[in-house]
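K.L.:
What follows is start.cif, mmCIF, C-alpha atoms.
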data_coords
loop_
_atom_site.label_atom_id
_atom_site.label_comp_id
_atom_site.auth_asym_id
_atom_site.auth_seq_id
_atom_site.Cartn_x
_atom_site.Cartn_y
_atom_site.Cartn_z
CA LEU N 100 -12.37 -26.69 -39.20
CA PRO N 101 -11.74 -29.02 -42.15
CA VAL N 102 -15.43 -29.10 -43.10
CA CYS N 103 -16.41 -25.50 -42.42
CA LYS N 104 -16.73 -22.93 -45.19
CA LYS N 105 -13.80 -20.73 -46.09
CA SER N 106 -15.73 -17.66 -44.91
CA TRP N 107 -16.04 -19.25 -41.46
CA ARG N 108 -12.31 -19.96 -41.40
CA GLU N 109 -11.66 -16.31 -42.20
CA ALA N 110 -14.00 -15.32 -39.37
CA TYR N 111 -12.17 -17.62 -36.95
CA ALA N 112 -8.86 -16.15 -38.09
CA GLU N 113 -10.13 -12.62 -37.54
CA ILE N 114 -11.36 -13.55 -34.05
CA TYR N 115 -7.94 -14.97 -33.15
CA TYR N 116 -6.20 -11.91 -34.59
CA ARG N 117 -8.45 -9.39 -32.84
CA ALA N 118 -8.14 -11.26 -29.54
CA TRP N 119 -4.35 -11.10 -29.89
CA THR N 120 -4.23 -7.41 -30.87
CA LEU N 121 -6.67 -6.28 -28.19
CA SER N 122 -4.95 -8.18 -25.40
CA SER N 123 -1.75 -7.20 -23.65
CA GLY N 124 0.79 -8.51 -21.19
CA PRO N 125 0.24 -12.02 -19.87
CA TYR N 126 -3.07 -12.40 -21.73
CA GLN N 127 -1.44 -11.73 -25.08
CA ILE N 128 1.34 -14.21 -24.28
CA LYS N 129 -1.27 -16.79 -23.27
CA ILE N 130 -3.10 -16.33 -26.59
CA GLU N 131 0.19 -16.63 -28.48
CA TYR N 132 1.37 -19.83 -26.85
CA THR N 133 -1.92 -21.64 -26.21
CA CYS N 134 -3.89 -20.65 -29.30
CA ILE N 135 -1.77 -19.40 -32.19
CA GLU N 136 1.19 -21.69 -31.58
CA ASP N 137 -1.23 -24.61 -31.24
CA LEU N 138 -2.64 -23.80 -34.69
CA MET N 139 0.91 -23.72 -36.08
CA HIS N 140 1.81 -27.02 -34.43
CA HIS N 141 -1.24 -28.81 -35.82
CA ALA N 142 -0.77 -27.26 -39.28
CA VAL N 143 2.63 -28.96 -39.38
CA TYR N 144 2.01 -32.26 -37.60
CA SER N 145 -1.55 -33.17 -38.65
CA ARG N 146 -2.00 -36.17 -40.95
CA ASN N 147 -5.34 -34.86 -42.17
CA ASP N 148 -4.71 -32.82 -45.33
CA ALA N 149 -8.07 -31.03 -45.07
CA LEU N 150 -7.18 -29.87 -41.55
CA VAL N 151 -3.75 -28.72 -42.70
CA VAL N 152 -5.34 -26.63 -45.48
CA ALA N 153 -7.87 -25.14 -43.05
CA LEU N 154 -5.17 -24.23 -40.53
CA ARG N 155 -2.98 -22.72 -43.27
CA ASN N 156 -5.96 -20.55 -44.26
CA ILE N 157 -6.36 -19.33 -40.69
CA LEU N 158 -2.63 -18.69 -40.28
CA GLY N 159 -2.60 -16.98 -43.67
CA TYR N 160 -4.74 -14.25 -42.14
CA PHE N 161 -1.91 -13.57 -39.68
CA HIS N 162 0.63 -13.58 -42.52
CA LEU N 163 -1.37 -10.88 -44.28
CA GLN N 164 -1.31 -8.75 -41.12
CA LYS N 165 2.51 -8.54 -41.05
CA VAL N 166 2.27 -4.89 -42.02
CA HIS N 167 0.92 -4.15 -38.53
CA LYS N 168 3.33 -3.57 -35.69
CA GLY N 169 4.41 -6.63 -33.77
CA VAL N 170 2.80 -9.28 -35.98
CA ASP N 171 5.95 -10.30 -37.84
CA SER N 172 7.94 -10.45 -34.59
CA MET N 173 5.27 -12.64 -33.02
CA LEU N 174 5.19 -14.93 -36.05
CA LEU N 175 8.97 -15.31 -36.01
CA ARG N 176 8.97 -16.03 -32.28
CA LEU N 177 6.23 -18.66 -32.52
CA TYR N 178 7.33 -20.29 -35.79
CA GLN N 179 11.01 -20.64 -34.80
CA PRO N 180 10.75 -23.70 -32.56
CA ILE N 181 8.20 -25.40 -34.81
CA LEU N 182 9.37 -24.75 -38.36
CA TRP N 183 13.12 -25.14 -38.07
CA ARG N 184 12.78 -28.43 -36.22
CA SER N 185 10.01 -29.74 -38.47
CA LEU N 186 11.92 -29.05 -41.67
CA LYS N 187 14.55 -31.55 -40.51
CA VAL N 188 12.41 -34.48 -39.28
CA ALA N 189 12.39 -37.88 -40.99
CA ASN N 190 8.68 -37.80 -41.85
CA PRO N 191 8.22 -36.33 -45.37
CA THR N 192 4.59 -35.33 -44.68
CA VAL N 193 5.67 -33.20 -41.73
CA ARG N 194 8.48 -31.68 -43.81
CA ARG N 195 6.00 -30.95 -46.62
CA ASN N 196 3.56 -29.25 -44.24
CA ALA N 197 6.36 -27.26 -42.61
CA ALA N 198 7.72 -26.23 -46.01
CA ALA N 199 4.29 -25.04 -47.16
CA LEU N 200 3.83 -23.00 -43.97
CA PHE N 201 7.34 -21.60 -44.29
CA VAL N 202 6.62 -20.43 -47.84
CA ASP N 203 3.30 -18.92 -46.76
CA ALA N 204 4.97 -16.98 -43.94
CA PHE N 205 8.10 -15.90 -45.84
CA PRO N 206 9.89 -13.67 -44.90
CA LEU N 207 9.95 -14.18 -41.16
CA GLU N 208 11.61 -11.11 -39.72
CA ASP N 209 11.78 -9.42 -36.36
CA SER N 210 10.60 -5.85 -36.91
CA GLU N 211 11.56 -4.97 -33.35
CA ASP N 212 15.22 -5.92 -33.93
CA THR N 213 16.39 -2.88 -35.92
CA GLY N 214 20.01 -2.93 -34.77
CA ARG N 215 20.99 -5.92 -36.85
CA SER N 216 22.51 -5.64 -40.29
CA ARG N 217 20.73 -7.57 -43.04
CA THR N 218 24.03 -8.51 -44.64
CA GLN N 219 25.19 -10.70 -41.77
CA GLU N 220 25.72 -14.34 -42.71
CA ASP N 221 23.92 -15.52 -39.57
CA SER N 222 20.88 -13.31 -40.09
CA PRO N 223 17.44 -14.92 -39.92
CA LEU N 224 16.83 -13.99 -43.56
CA GLN N 225 20.00 -15.78 -44.70
CA ALA N 226 18.89 -18.86 -42.75
CA GLN N 227 15.58 -18.72 -44.61
CA PHE N 228 17.36 -18.56 -47.97
CA ASN N 229 19.36 -21.61 -46.90
CA VAL N 230 16.10 -23.41 -46.08
CA LEU N 231 14.85 -22.67 -49.62
CA ILE N 232 18.01 -24.19 -51.07
CA ASP N 233 17.64 -27.23 -48.81
CA LEU N 234 13.99 -27.72 -49.84
CA LEU N 235 15.05 -28.02 -53.47
CA GLY N 236 17.44 -30.82 -52.52
CA ASP N 237 15.12 -32.72 -50.18
CA PRO N 238 15.11 -36.51 -50.67
CA SER N 239 11.29 -36.63 -50.77
CA PRO N 240 9.62 -35.63 -54.06
CA VAL N 241 6.55 -34.16 -52.29
CA VAL N 242 8.80 -31.81 -50.34
CA ARG N 243 10.74 -30.88 -53.49
CA VAL N 244 7.43 -30.02 -55.23
CA VAL N 245 6.53 -27.65 -52.38
CA GLY N 246 10.08 -26.29 -52.53
CA VAL N 247 9.85 -25.61 -56.28
CA GLN N 248 6.47 -23.93 -55.93
CA GLY N 249 7.71 -21.94 -52.95
CA VAL N 250 10.91 -20.77 -54.60
CA CYS N 251 8.99 -19.63 -57.67
CA GLN N 252 6.44 -17.81 -55.50
CA ILE N 253 9.11 -16.16 -53.36
CA MET N 254 11.29 -15.21 -56.32
CA GLY N 255 8.24 -13.68 -57.99
CA ARG N 256 7.10 -11.68 -54.96
CA PHE N 257 10.34 -10.84 -53.15
CA TRP N 258 12.91 -10.82 -55.95
CA GLU N 259 14.36 -7.51 -54.76
CA MET N 260 15.28 -8.85 -51.33
CA VAL N 261 16.87 -12.09 -52.58
CA PRO N 262 20.63 -11.63 -52.99
CA LEU N 263 21.99 -12.23 -56.48
CA ALA N 264 24.13 -15.17 -55.36
CA ILE N 265 21.10 -16.89 -53.79
CA SER N 266 18.97 -16.19 -56.87
CA ARG N 267 21.65 -17.74 -59.03
CA VAL N 268 21.84 -20.87 -56.86
CA LEU N 269 18.05 -21.27 -56.74
CA LEU N 270 17.48 -20.74 -60.45
CA THR N 271 20.41 -22.95 -61.43
CA ARG N 272 19.07 -25.75 -59.27
CA LEU N 273 15.58 -25.32 -60.69
CA ILE N 274 16.70 -25.32 -64.32
CA ASN N 275 19.65 -27.72 -64.29
CA GLU N 276 18.55 -30.27 -61.70
CA LEU N 277 14.85 -30.21 -60.89
CA ALA N 278 13.58 -29.63 -64.43
CA ARG N 279 15.41 -32.88 -65.30
CA ASP N 280 14.55 -34.84 -62.15
CA LYS N 281 14.28 -38.43 -63.41
CA SER N 282 13.05 -39.81 -60.10
CA ALA N 283 9.93 -37.66 -59.81
CA PRO N 284 7.76 -36.44 -62.68
CA HIS N 285 5.75 -34.29 -60.23
CA VAL N 286 8.90 -32.27 -59.50
CA ARG N 287 9.60 -31.74 -63.20
CA ALA N 288 6.00 -30.65 -63.74
CA ALA N 289 6.18 -28.23 -60.80
CA VAL N 290 9.14 -26.45 -62.37
CA PHE N 291 7.10 -25.69 -65.47
CA ASP N 292 3.81 -24.81 -63.73
#
Render the structure in this file as structure tokens.
P.N.:
Amino acid sequence: LPVCKKSWREAYAEIYYRAWTLSSGPYQIKIEYTCIEDLMHHAVYSRNDALVVALRNILGYFHLQKVHKGVDSMLLRLYQPILWRSLKVANPTVRRNAAALFVDAFPLEDSEDTGRSRTQEDSPLQAQFNVLIDLLGDPSPVVRVVGVQGVCQIMGRFWEMVPLAISRVLLTRLINELARDKSAPHVRAAVFD
């Protein structure tokens, strides 16, 4: 995967997606947990940056399909055990990879769970906003760079769904803290990119 052309990666992604959509019952579950979750796991835990990029490209195809029924619920279900745990590990490379995947997949919502109010403090969306805030305060500069880029991307694309209080916290941290980060010039540069 790391050395194949981008068009081949897109073809692999489409094959995985079609296999998942055309299957049902135990076969669909098998594809989810043995194929798609395996891609997610390796996209977070691989040391090979080229492989991580290739896997993010393949998973990006799934992220673009969130408009179709069941895709966002499946992504939330499969990402939950991997992302939330990986964003808290000691290894900054794993945290960076998890943060990049989290930003790519944002927002992770369960479309099948319509009975829940979006204003609840314990909602999955609120937890994701908290993750964004935590990424900006990460001790590792490489994770903070991904956090800055991710916050800017998310604020640009999903500004309507971000509560005003969260927007204020994120922008204040970007402008007052990270734009003046003395310990990491890469973080300062990311704020202004």
K.L.:
Which is closer to Ile265 of chain N than all the others in N:Leu174, N:Ala288, N:Ile253, N:Ile232, using only C-alpha atoms?
P.N.:
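Comparing N:Leu174, N:Ala288, N:Ile253, N:Ile232 against Ile265 of chain N, the winner is N:Ile232.
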K.L.:
Of the candidates N:Leu224, N:Leu207, N:Ala112, N:Leu273, which shows the shortest atom-to-atom distance to Asp171 of chain N, using only C-alpha atoms?
P.N.:
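Looking at the shortest contact to Asp171 of chain N, the residue is N:Leu207.
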K.L.:
Would you work out the distance separating atom CA of Glu211 of chain N from atom CA of Ile135 of chain N, expressed in Å to one decimal?
P.N.:
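Computed distance, atom CA of Glu211 of chain N to atom CA of Ile135 of chain N, equals 19.7 Å.
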K.L.:
What does the PyMOL selection byres ((chain N and resi 261) around 12) select in this file, as a PyMOL selection string?
P.N.:
chain N and resi 205-206+217-218+224-225+227-229+231+250+253-260+262-270
K.L.:
Using the chain letters and numbers from this file, what does the PyMOL selection byres ((chain N and resi 233-248) around 9) select? Give the answer as a PyMOL selection string.
P.N.:
chain N and resi 186+191-192+194-196+198-199+202+228-232+249-253+269+272-273+277+282-290+292
K.L.:
Once the PyMOL selection byres ((chain N and resi 108) around 10) has been applied to the shown file, what residues remain in the selection, as a JSON list (two decimals) with C-alpha atoms, keeping the file's coordinate frame?
P.N.:
[["chain", "number", "residue", "atom", "x", "y", "z"],
["N", 100, "LEU", "CA", -12.37, -26.69, -39.20],
["N", 101, "PRO", "CA", -11.74, -29.02, -42.15],
["N", 102, "VAL", "CA", -15.43, -29.10, -43.10],
["N", 103, "CYS", "CA", -16.41, -25.50, -42.42],
["N", 104, "LYS", "CA", -16.73, -22.93, -45.19],
["N", 105, "LYS", "CA", -13.80, -20.73, -46.09],
["N", 106, "SER", "CA", -15.73, -17.66, -44.91],
["N", 107, "TRP", "CA", -16.04, -19.25, -41.46],
["N", 109, "GLU", "CA", -11.66, -16.31, -42.20],
["N", 110, "ALA", "CA", -14.00, -15.32, -39.37],
["N", 111, "TYR", "CA", -12.17, -17.62, -36.95],
["N", 112, "ALA", "CA", -8.86, -16.15, -38.09],
["N", 113, "GLU", "CA", -10.13, -12.62, -37.54],
["N", 114, "ILE", "CA", -11.36, -13.55, -34.05],
["N", 153, "ALA", "CA", -7.87, -25.14, -43.05],
["N", 154, "LEU", "CA", -5.17, -24.23, -40.53],
["N", 155, "ARG", "CA", -2.98, -22.72, -43.27],
["N", 156, "ASN", "CA", -5.96, -20.55, -44.26],
["N", 157, "ILE", "CA", -6.36, -19.33, -40.69],
["N", 158, "LEU", "CA", -2.63, -18.69, -40.28],
["N", 160, "TYR", "CA", -4.74, -14.25, -42.14]]
K.L.:
Taking (1.2, -7.3, -36.1) in the coordinates of the supplied file, I want to know which residues reach to within 12 Å of it, counting only C-alpha atoms; could you give the answer as a PyMOL selection string?
P.N.:
chain N and resi 116-117+119-121+160-175+208-211
K.L.:
For Ile181 of chain N, list every protein, DNA or RNA residue within 12 Å, evaluated using only C-alpha atoms, and leave out those in the same chain fewer than 4 positions away; present the list as a VMD selection string.
P.N.:
chain N and resid 132 135 to 144 174 to 177 185 to 188 193 to 194 196 to 198 200 to 201
K.L.:
Atom CA of Gln179 of chain N and atom CA of Ala226 of chain N are how many Å apart?
P.N.:
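Separation of atom CA of Gln179 of chain N and atom CA of Ala226 of chain N: 11.3 Å.
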K.L.:
Interatomic distance between atom CA of Gly159 of chain N and atom CA of Asp203 of chain N?
P.N.:
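Between atom CA of Gly159 of chain N and atom CA of Asp203 of chain N the gap works out to 6.9 Å.
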